[in-house]
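As provided, target33.cif (mmCIF, C-alpha atoms) reads as follows.
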data_protein
loop_
_atom_site.label_atom_id
_atom_site.label_comp_id
_atom_site.auth_asym_id
_atom_site.auth_seq_id
_atom_site.Cartn_x
_atom_site.Cartn_y
_atom_site.Cartn_z
CA MET D 1 0.00 0.00 0.00
CA ASP D 2 1.46 3.39 -0.96
CA ILE D 3 1.38 6.52 1.20
CA LYS D 4 -1.61 8.02 -0.61
CA ASN D 5 -3.72 4.92 0.00
CA ILE D 6 -2.56 4.71 3.62
CA ILE D 7 -3.57 8.33 4.22
CA ASP D 8 -6.94 7.79 2.54
CA PHE D 9 -7.46 4.71 4.71
CA HIS D 10 -6.80 6.69 7.89
CA LEU D 11 -8.93 9.60 6.70
CA ASN D 12 -11.85 7.22 6.21
CA LYS D 13 -11.38 5.91 9.75
CA ILE D 14 -11.24 9.46 11.12
CA GLU D 15 -14.36 10.45 9.21
CA LYS D 16 -16.25 7.52 10.73
CA LYS D 17 -14.87 8.16 14.21
CA TYR D 18 -15.86 11.82 14.40
CA SER D 19 -19.47 12.58 13.63
CA SER D 20 -18.72 16.31 13.45
CA LYS D 21 -17.26 17.59 10.19
CA ARG D 22 -14.60 19.49 12.11
CA ILE D 23 -11.69 18.08 14.10
CA LYS D 24 -11.00 19.84 17.38
CA GLY D 25 -7.71 20.35 19.20
CA ASN D 26 -8.56 17.77 21.86
CA ASP D 27 -9.03 15.18 19.13
CA LEU D 28 -5.52 15.56 17.71
CA ILE D 29 -3.49 13.93 20.48
CA ASN D 30 -5.30 10.63 19.81
CA ILE D 31 -6.28 11.12 16.17
CA THR D 32 -4.15 8.10 15.10
CA THR D 33 -2.61 5.19 16.98
CA SER D 34 0.83 6.84 16.77
CA LYS D 35 1.45 9.54 19.36
CA GLN D 36 4.52 10.70 17.43
CA LEU D 37 2.46 11.13 14.28
CA ASN D 38 -0.19 13.04 16.24
CA LEU D 39 2.44 15.35 17.73
CA PHE D 40 3.82 16.10 14.28
CA ILE D 41 0.33 17.10 13.14
CA ILE D 42 0.13 19.54 16.07
CA LYS D 43 3.69 20.75 15.40
CA ASN D 44 2.86 21.52 11.79
CA ILE D 45 -0.20 23.53 12.79
CA TYR D 46 2.01 25.57 15.11
CA ASP D 47 4.65 26.03 12.39
CA LEU D 48 2.01 27.21 9.92
CA TRP D 49 0.83 29.80 12.44
CA ILE D 50 4.40 31.04 13.00
CA SER D 51 5.06 31.15 9.25
CA ASN D 52 1.91 33.16 8.56
CA PHE D 53 2.62 35.47 11.48
CA GLU D 54 6.11 36.20 10.13
CA LYS D 55 4.85 36.76 6.58
CA ASN D 56 2.26 39.27 7.76
CA LYS D 57 4.62 41.44 9.77
CA ILE D 58 4.86 45.04 8.60
CA LYS D 59 7.73 47.44 9.22
CA TYR D 60 5.83 49.97 11.31
CA PHE D 61 5.75 47.87 14.49
CA ASP D 62 8.30 46.63 17.00
CA TYR D 63 7.59 42.92 17.14
CA GLU D 64 10.43 42.37 19.63
CA SER D 65 8.74 44.54 22.25
CA PRO D 66 8.06 42.47 25.41
CA ASP D 67 4.40 43.51 25.29
CA VAL D 68 4.04 42.35 21.68
CA VAL D 69 5.87 39.08 22.37
CA LYS D 70 3.65 38.42 25.39
CA ALA D 71 0.51 39.27 23.43
CA SER D 72 1.45 37.03 20.49
CA GLU D 73 2.22 34.15 22.85
CA GLY D 74 -1.11 34.70 24.56
CA MET D 75 -2.88 34.69 21.22
CA MET D 76 -1.15 31.45 20.24
CA ASN D 77 -2.20 29.83 23.51
CA THR D 78 -5.78 30.94 22.95
CA LEU D 79 -5.76 29.67 19.37
CA SER D 80 -4.29 26.32 20.44
CA ASN D 81 -7.32 25.85 22.68
CA ASN D 82 -9.64 26.61 19.79
CA ILE D 83 -8.30 24.44 16.97
CA SER D 84 -11.04 23.56 14.50
CA ILE D 85 -10.13 21.78 11.25
CA ASP D 86 -12.47 20.84 8.45
CA GLN D 87 -11.93 17.18 7.59
CA LYS D 88 -11.27 18.04 3.95
CA ASP D 89 -8.40 20.30 5.09
CA PHE D 90 -6.99 17.64 7.40
CA LYS D 91 -5.54 15.54 4.58
CA SER D 92 -2.58 17.85 3.91
CA LEU D 93 -1.71 17.94 7.62
CA LEU D 94 -1.83 14.16 7.86
CA GLU D 95 0.21 13.74 4.68
CA SER D 96 2.94 16.09 5.94
CA ALA D 97 3.07 14.33 9.29
CA TYR D 98 3.36 10.93 7.60
CA ASN D 99 6.28 12.08 5.47
CA GLU D 100 7.93 13.57 8.54
CA ILE D 101 7.62 10.50 10.73
CA ILE D 102 9.04 8.31 7.95
CA ASN D 103 11.99 10.65 7.47
CA LEU D 104 12.57 10.84 11.23
CA ALA D 105 12.66 7.04 11.32
CA ILE D 106 15.08 6.52 8.43
CA SER D 107 17.22 9.66 8.66
CA PRO D 108 16.86 11.22 12.13
CA LYS D 109 19.83 13.59 12.00
CA GLU D 110 18.89 15.13 8.66
CA PHE D 111 15.23 15.38 9.60
CA ILE D 112 15.86 17.10 12.93
CA LYS D 113 18.28 19.54 11.31
CA LYS D 114 15.69 20.39 8.69
CA ASP D 115 13.02 20.79 11.35
CA LEU D 116 15.10 23.08 13.55
CA ILE D 117 16.26 25.33 10.74
CA LYS D 118 12.74 26.70 10.45
CA SER D 119 13.79 29.21 13.11
CA ASN D 120 16.80 31.55 12.96
CA TRP D 121 17.81 31.16 16.61
CA TYR D 122 17.22 29.07 19.71
CA ASP D 123 17.46 29.47 23.45
CA GLU D 124 16.88 26.88 26.18
CA SER D 125 13.15 27.56 26.35
CA LYS D 126 12.68 27.33 22.60
CA LEU D 127 14.52 24.01 22.38
CA GLU D 128 12.56 22.66 25.33
CA LYS D 129 9.29 23.58 23.63
CA ARG D 130 10.41 21.98 20.37
CA SER D 131 11.38 18.78 22.14
CA LYS D 132 7.77 18.36 23.30
CA TYR D 133 6.83 17.41 19.75
CA TYR D 134 9.24 14.47 19.87
CA ILE D 135 8.58 11.18 21.63
CA PHE D 136 11.93 9.97 20.32
CA TYR D 137 15.33 11.75 20.39
CA LYS D 138 14.53 13.93 23.39
CA GLU D 139 18.07 13.30 24.61
CA LEU D 140 19.40 15.19 21.58
CA PHE D 141 17.50 18.31 22.63
CA GLN D 142 18.89 17.97 26.15
CA ILE D 143 22.42 17.80 24.70
CA LEU D 144 21.78 21.00 22.74
CA ILE D 145 20.37 22.75 25.80
CA LYS D 146 23.43 21.66 27.78
CA LYS D 147 25.68 23.13 25.05
CA ILE D 148 23.98 26.50 25.44
CA LYS D 149 24.41 26.38 29.21
CA GLU D 150 28.06 25.33 29.00
CA ASN D 151 28.84 28.23 26.68
CA ASN D 152 26.98 30.69 28.91
CA GLU D 153 24.89 31.82 25.96
CA ILE D 154 21.39 33.24 26.17
CA SER D 155 20.60 32.12 22.64
CA ILE D 156 22.47 30.84 19.59
CA LYS D 157 22.01 30.99 15.83
CA VAL D 158 20.48 27.99 14.14
CA SER D 159 23.71 27.55 12.12
CA GLU D 160 25.50 26.82 15.41
CA ILE D 161 22.78 24.35 16.37
CA ILE D 162 23.30 22.57 13.04
CA ASN D 163 27.05 22.43 13.66
CA TYR D 164 26.47 20.93 17.10
CA ILE D 165 24.16 18.29 15.65
CA ASP D 166 26.73 17.42 12.98
CA GLU D 167 29.16 16.54 15.78
CA ILE D 168 26.70 14.19 17.48
CA THR D 169 26.14 10.56 16.54
CA ILE D 170 22.42 9.98 16.14
CA ASP D 171 21.44 6.36 15.66
CA ILE D 172 18.28 5.12 14.04
CA ASN D 173 15.76 4.24 16.74
CA GLU D 174 14.55 0.70 16.10
CA ASP D 175 11.41 1.22 18.19
CA LEU D 176 10.43 4.14 15.98
CA VAL D 177 11.24 2.18 12.83
CA LYS D 178 8.99 -0.64 14.01
CA GLU D 179 6.21 1.79 14.93
CA VAL D 180 6.33 3.45 11.51
CA SER D 181 6.58 0.12 9.69
CA ASP D 182 3.51 -1.16 11.54
CA LEU D 183 1.71 2.13 10.95
CA ILE D 184 2.04 1.99 7.19
CA GLY D 185 2.05 -1.79 6.87
CA CYS D 186 5.48 -2.53 5.44
CA GLU D 187 8.71 -4.29 6.34
CA LYS D 188 11.47 -2.24 7.96
CA ASN D 189 13.70 -2.48 4.90
CA GLU D 190 10.91 -1.08 2.72
CA LEU D 191 10.60 2.21 4.59
CA ARG D 192 13.02 4.10 2.36
CA ASN D 193 10.90 3.24 -0.65
CA LYS D 194 7.96 5.06 0.95
CA THR D 195 9.64 8.45 0.60
CA SER D 196 9.96 10.34 -2.65
CA LYS D 197 13.18 9.71 -4.53
CA THR D 198 15.13 12.58 -6.05
CA ASP D 199 18.22 12.93 -8.16
CA GLU D 200 21.20 13.93 -6.01
CA ASN D 201 23.65 14.63 -8.84
CA TYR D 202 23.51 18.29 -7.80
CA TYR D 203 26.31 17.61 -5.30
CA SER D 204 28.74 17.89 -8.21
CA TYR D 205 27.60 21.47 -8.85
CA PHE D 206 29.29 22.80 -5.70
CA SER D 207 32.91 23.04 -4.50
CA LEU D 208 31.84 22.00 -1.02
CA SER D 209 31.71 18.82 1.04
CA LYS D 210 28.48 16.83 1.12
CA LYS D 211 27.80 18.01 4.68
CA GLU D 212 28.38 21.64 3.69
CA ILE D 213 26.05 21.27 0.71
CA ASP D 214 23.36 19.67 2.87
CA ASN D 215 23.64 22.51 5.37
CA LEU D 216 23.60 25.09 2.57
CA ILE D 217 20.36 23.64 1.26
CA LEU D 218 18.95 23.47 4.76
CA GLU D 219 19.73 27.17 5.10
CA ALA D 220 17.93 27.77 1.82
CA THR D 221 14.81 26.11 3.21
CA SER D 222 14.67 28.72 5.96
CA LYS D 223 14.32 31.56 3.46
CA SER D 224 10.96 33.29 3.25
CA SER D 225 10.57 32.71 -0.49
CA PHE D 226 11.74 30.36 -3.20
CA GLU D 227 13.43 33.30 -4.93
CA GLU D 228 15.65 33.95 -1.89
CA ALA D 229 16.42 30.25 -1.58
CA ALA D 230 17.29 30.02 -5.27
CA SER D 231 19.56 33.07 -5.00
CA LEU D 232 21.49 31.46 -2.14
CA ILE D 233 21.89 28.19 -4.04
CA LEU D 234 22.99 29.84 -7.28
CA LYS D 235 25.47 32.08 -5.46
CA ASN D 236 27.29 28.99 -4.20
CA LEU D 237 27.56 27.11 -7.48
CA LYS D 238 30.98 26.29 -8.90
CA SER D 239 32.10 29.16 -11.11
CA SER D 240 32.22 26.82 -14.10
CA TYR D 241 28.57 25.96 -13.59
CA SER D 242 27.36 29.45 -12.72
CA GLU D 243 28.98 30.81 -15.89
CA ASN D 244 27.83 28.07 -18.23
CA PHE D 245 24.52 26.90 -16.80
CA SER D 246 21.69 27.21 -19.27
CA THR D 247 18.30 28.40 -18.10
CA LYS D 248 17.10 24.82 -18.51
CA ASP D 249 19.90 23.48 -16.28
CA ILE D 250 19.21 26.05 -13.59
CA ARG D 251 15.51 25.30 -13.61
CA ARG D 252 16.19 21.57 -13.37
CA LEU D 253 18.57 22.04 -10.43
CA LEU D 254 16.16 24.27 -8.55
CA HIS D 255 13.27 21.94 -9.29
CA ILE D 256 15.21 18.99 -7.83
CA ILE D 257 16.06 20.97 -4.70
CA LYS D 258 12.53 22.34 -4.36
CA GLU D 259 11.02 18.85 -4.63
CA LYS D 260 13.50 17.34 -2.17
CA PHE D 261 13.34 20.00 0.47
CA SER D 262 9.89 21.55 -0.07
CA LEU D 263 11.22 25.09 -0.36
CA PRO D 264 8.67 27.85 0.21
CA THR D 265 7.06 29.31 -2.90
#
Would you kindly transcribe this structure into C-alpha cells?
Amino acid sequence: MDIKNIIDFHLNKIEKKYSSKRIKGNDLINITTSKQLNLFIIKNIYDLWISNFEKNKIKYFDYESPDVVKASEGMMNTLSNNISIDQKDFKSLLESAYNEIINLAISPKEFIKKDLIKSNWYDESKLEKRSKYYIFYKELFQILIKKIKENNEISIKVSEIINYIDEITIDINEDLVKEVSDLIGCEKNELRNKTSKTDENYYSYFSLSKKEIDNLILEATSKSSFEEAASLILKNLKSSYSENFSTKDIRRLLHIIKEKFSLPT
C-alpha cells in the first residue's frame, strides 16, 4: 500500500470516528494510533501559524517589544485551545506528518536539522518547547540545551545548532522504525521506498563537502521565499557551472532541490 492509499485509509477511519465535520484540538493527540504522528500534526499547525505570522509582519511595528511578544504568545495559547479543522483540510496535515515520521525514522539527523532550521535562533526555552513534539530523540535536545548552558549563551544561531548536531552521533531508533513500519504496513527495509526519490547529482555542482552542501540547502529552506532560496543556491555554485549553466539546467537544479526539500514558494 502506498502513502496516498494509507492516508486515505486513515482519513476514512477518522471520518467515521468523528461525527462532526470538524476536528478539534482535543481530538488531535489521539487522532491516530501513533502519538509521534499526532504530535507532528500539532507541530505543523504551530509552524504554519508562525510562518503566517512572520509573513504578515509590517515594518511599522516593533515585534520584539516584550508587550508584543507576550501578546502574540497569549494569542497562540488561545488559538491552540480553539483548533477547528475541516476534515477536507486535514488531509494535507496528515500527509505532511506521515512524510515527517518516515523521514525521522530513516534519517533522524537530517530530519531534525531540517526541522530546527525553520527558526533563525534558539534558546533553552525554545529548544525545550520543540522537544515536546518528539517522543523519540529527546536526549538530543537535552544535549543542545546543555551546550547553550556550558557556553553561557542566552541564545544561539540555528547555524550553530546545526554544527552541534553534525558533531553528534544519532542512531536510528529501532522502536520508531517498528512503529512506523507497523503504521504503514510494510517491512522495515521497505521504509526508504515510501519516501519520494530525487536525483542527487547536484552535489557535483558545488565546490563543497556533502555536509556543507546539505547545510547550505537546509539554510535555503529557511528563506521566506523560493526566490531567496534560489539566490542562495545559485550564489554557491561552482564558477564553471554558474557561468555556463543554461536556463534549462538552472531550472532543473532548482526543481530537484525544491522537490527534495519543499522550499517555500
### Message
Could you tell me, as a PyMOL selection string, exactly which residues end up selected when the PyMOL selection byres ((chain D and resi 114) around 9) is applied to this structure?
### Response
chain D and resi 109-113+115-118+215+218-219+221-222+261
### Message
Selection in question (the file shown): the PyMOL selection byres ((chain D and resi 95) around 10). Which residues does it include, as a ChimeraX atom specification?
### Response
/D:3-4,6-8,41,90-94,96-100
#### Entry: From D:Leu127, D:Leu216, D:Val68, D:Leu37, residue lying nearest Ile101 (chain D) [only C-alpha atoms]
D:Leu37
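Our summary of the geometry notes that CA of Lys146 (chain D) is positioned 10.7 Å from CA of Asp123 (chain D).
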### Message
I'd like to see the residues matched by the PyMOL selection byres ((chain D and resi 129) around 12) on this file, and ideally I'd get them as a PyMOL selection string.
### Response
chain D and resi 43+46+116+122-128+130-134+138+141-142+145
To box region 16-32 of chain D, take all atoms listed in the file, fit an axis-aligned box, add 3 Å on each side, and give centre and edge lengths in Å to one decimal, as lines of an AutoDock Vina configuration file.
center_x = -11.5
center_y = 13.9
center_z = 16.0
size_x = 22.0
size_y = 18.8
size_z = 17.7
### Message
Residues near Glu187 (chain D), anyone? I mean within 10 Å using all atoms listed in the file, not counting same-chain ones fewer than 4 positions away, as a PyMOL selection string.
### Response
chain D and resi 177-178+180-182+191
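Shortest atom-to-atom contact with Thr78 (chain D) among D:Pro66, D:Asp175, D:Lys57, D:Gly25: D:Gly25, counting only C-alpha atoms.
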#### Entry: Residue among D:Ser34, D:Ser107, D:Ser65, D:Thr169 lying closest to Glu139 (chain D), counting all atoms listed in the file
D:Thr169
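The space separating CA of Lys88 (chain D) from CA of Gln36 (chain D) comes to 22.0 Å.
One finds CA of Asn81 (chain D) at 16.1 Å from CA of Ile31 (chain D).
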### Task
Identify which of the residues D:Glu167, D:Arg22, D:Ile184, D:Asn12 lies closest to Leu140 (chain D), counting only C-alpha atoms when measuring atom-to-atom distances.
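The shortest atom-to-atom distance to Leu140 (chain D) comes from D:Glu167.
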### Message
I need the residue nearest Leu176 (chain D) from this list: D:Phe206, D:Tyr137, D:Phe40, D:Phe61. Use all atoms listed in the file for the distance.
### Response
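With all atoms listed in the file as the atom set, the closest residue is D:Tyr137.
Distances from D:Asn189, D:Asn120, D:Lys24, D:Thr32 to Ile161 (chain D) were compared using all atoms listed in the file, and the smallest one belongs to D:Asn120.
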Mind writing region 36-101 of chain D to a file for me, with C-alpha atoms, as a PDB file, in the first residue's frame?
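Result went into result-v4.pdb, see below:
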ATOM      1  CA  GLN D  36       4.522  10.696  17.426  1.00  0.00           C
ATOM      2  CA  LEU D  37       2.456  11.134  14.275  1.00  0.00           C
ATOM      3  CA  ASN D  38      -0.185  13.038  16.235  1.00  0.00           C
ATOM      4  CA  LEU D  39       2.439  15.354  17.732  1.00  0.00           C
ATOM      5  CA  PHE D  40       3.819  16.099  14.277  1.00  0.00           C
ATOM      6  CA  ILE D  41       0.333  17.105  13.138  1.00  0.00           C
ATOM      7  CA  ILE D  42       0.130  19.538  16.069  1.00  0.00           C
ATOM      8  CA  LYS D  43       3.693  20.749  15.395  1.00  0.00           C
ATOM      9  CA  ASN D  44       2.860  21.522  11.790  1.00  0.00           C
ATOM     10  CA  ILE D  45      -0.203  23.532  12.785  1.00  0.00           C
ATOM     11  CA  TYR D  46       2.008  25.575  15.110  1.00  0.00           C
ATOM     12  CA  ASP D  47       4.649  26.028  12.389  1.00  0.00           C
ATOM     13  CA  LEU D  48       2.009  27.211   9.922  1.00  0.00           C
ATOM     14  CA  TRP D  49       0.831  29.795  12.440  1.00  0.00           C
ATOM     15  CA  ILE D  50       4.397  31.038  13.000  1.00  0.00           C
ATOM     16  CA  SER D  51       5.059  31.154   9.252  1.00  0.00           C
ATOM     17  CA  ASN D  52       1.907  33.158   8.560  1.00  0.00           C
ATOM     18  CA  PHE D  53       2.618  35.474  11.479  1.00  0.00           C
ATOM     19  CA  GLU D  54       6.114  36.196  10.127  1.00  0.00           C
ATOM     20  CA  LYS D  55       4.850  36.764   6.584  1.00  0.00           C
ATOM     21  CA  ASN D  56       2.257  39.274   7.761  1.00  0.00           C
ATOM     22  CA  LYS D  57       4.623  41.440   9.773  1.00  0.00           C
ATOM     23  CA  ILE D  58       4.861  45.045   8.597  1.00  0.00           C
ATOM     24  CA  LYS D  59       7.728  47.437   9.223  1.00  0.00           C
ATOM     25  CA  TYR D  60       5.831  49.973  11.315  1.00  0.00           C
ATOM     26  CA  PHE D  61       5.748  47.873  14.492  1.00  0.00           C
ATOM     27  CA  ASP D  62       8.305  46.630  16.995  1.00  0.00           C
ATOM     28  CA  TYR D  63       7.593  42.917  17.137  1.00  0.00           C
ATOM     29  CA  GLU D  64      10.426  42.366  19.630  1.00  0.00           C
ATOM     30  CA  SER D  65       8.737  44.540  22.248  1.00  0.00           C
ATOM     31  CA  PRO D  66       8.060  42.470  25.407  1.00  0.00           C
ATOM     32  CA  ASP D  67       4.400  43.511  25.287  1.00  0.00           C
ATOM     33  CA  VAL D  68       4.040  42.348  21.678  1.00  0.00           C
ATOM     34  CA  VAL D  69       5.870  39.079  22.367  1.00  0.00           C
ATOM     35  CA  LYS D  70       3.654  38.423  25.391  1.00  0.00           C
ATOM     36  CA  ALA D  71       0.505  39.275  23.430  1.00  0.00           C
ATOM     37  CA  SER D  72       1.451  37.034  20.487  1.00  0.00           C
ATOM     38  CA  GLU D  73       2.221  34.146  22.853  1.00  0.00           C
ATOM     39  CA  GLY D  74      -1.113  34.699  24.562  1.00  0.00           C
ATOM     40  CA  MET D  75      -2.877  34.694  21.219  1.00  0.00           C
ATOM     41  CA  MET D  76      -1.153  31.451  20.237  1.00  0.00           C
ATOM     42  CA  ASN D  77      -2.199  29.826  23.513  1.00  0.00           C
ATOM     43  CA  THR D  78      -5.780  30.944  22.949  1.00  0.00           C
ATOM     44  CA  LEU D  79      -5.764  29.666  19.373  1.00  0.00           C
ATOM     45  CA  SER D  80      -4.290  26.322  20.441  1.00  0.00           C
ATOM     46  CA  ASN D  81      -7.324  25.848  22.677  1.00  0.00           C
ATOM     47  CA  ASN D  82      -9.644  26.611  19.786  1.00  0.00           C
ATOM     48  CA  ILE D  83      -8.302  24.441  16.967  1.00  0.00           C
ATOM     49  CA  SER D  84     -11.038  23.560  14.498  1.00  0.00           C
ATOM     50  CA  ILE D  85     -10.130  21.778  11.251  1.00  0.00           C
ATOM     51  CA  ASP D  86     -12.466  20.836   8.452  1.00  0.00           C
ATOM     52  CA  GLN D  87     -11.928  17.183   7.589  1.00  0.00           C
ATOM     53  CA  LYS D  88     -11.271  18.037   3.945  1.00  0.00           C
ATOM     54  CA  ASP D  89      -8.395  20.295   5.088  1.00  0.00           C
ATOM     55  CA  PHE D  90      -6.986  17.645   7.397  1.00  0.00           C
ATOM     56  CA  LYS D  91      -5.535  15.537   4.583  1.00  0.00           C
ATOM     57  CA  SER D  92      -2.579  17.846   3.908  1.00  0.00           C
ATOM     58  CA  LEU D  93      -1.706  17.938   7.624  1.00  0.00           C
ATOM     59  CA  LEU D  94      -1.832  14.160   7.860  1.00  0.00           C
ATOM     60  CA  GLU D  95       0.208  13.743   4.680  1.00  0.00           C
ATOM     61  CA  SER D  96       2.942  16.093   5.939  1.00  0.00           C
ATOM     62  CA  ALA D  97       3.067  14.327   9.293  1.00  0.00           C
ATOM     63  CA  TYR D  98       3.360  10.928   7.596  1.00  0.00           C
ATOM     64  CA  ASN D  99       6.280  12.081   5.465  1.00  0.00           C
ATOM     65  CA  GLU D 100       7.929  13.566   8.539  1.00  0.00           C
ATOM     66  CA  ILE D 101       7.621  10.497  10.727  1.00  0.00           C
TER      67      ILE D 101
END
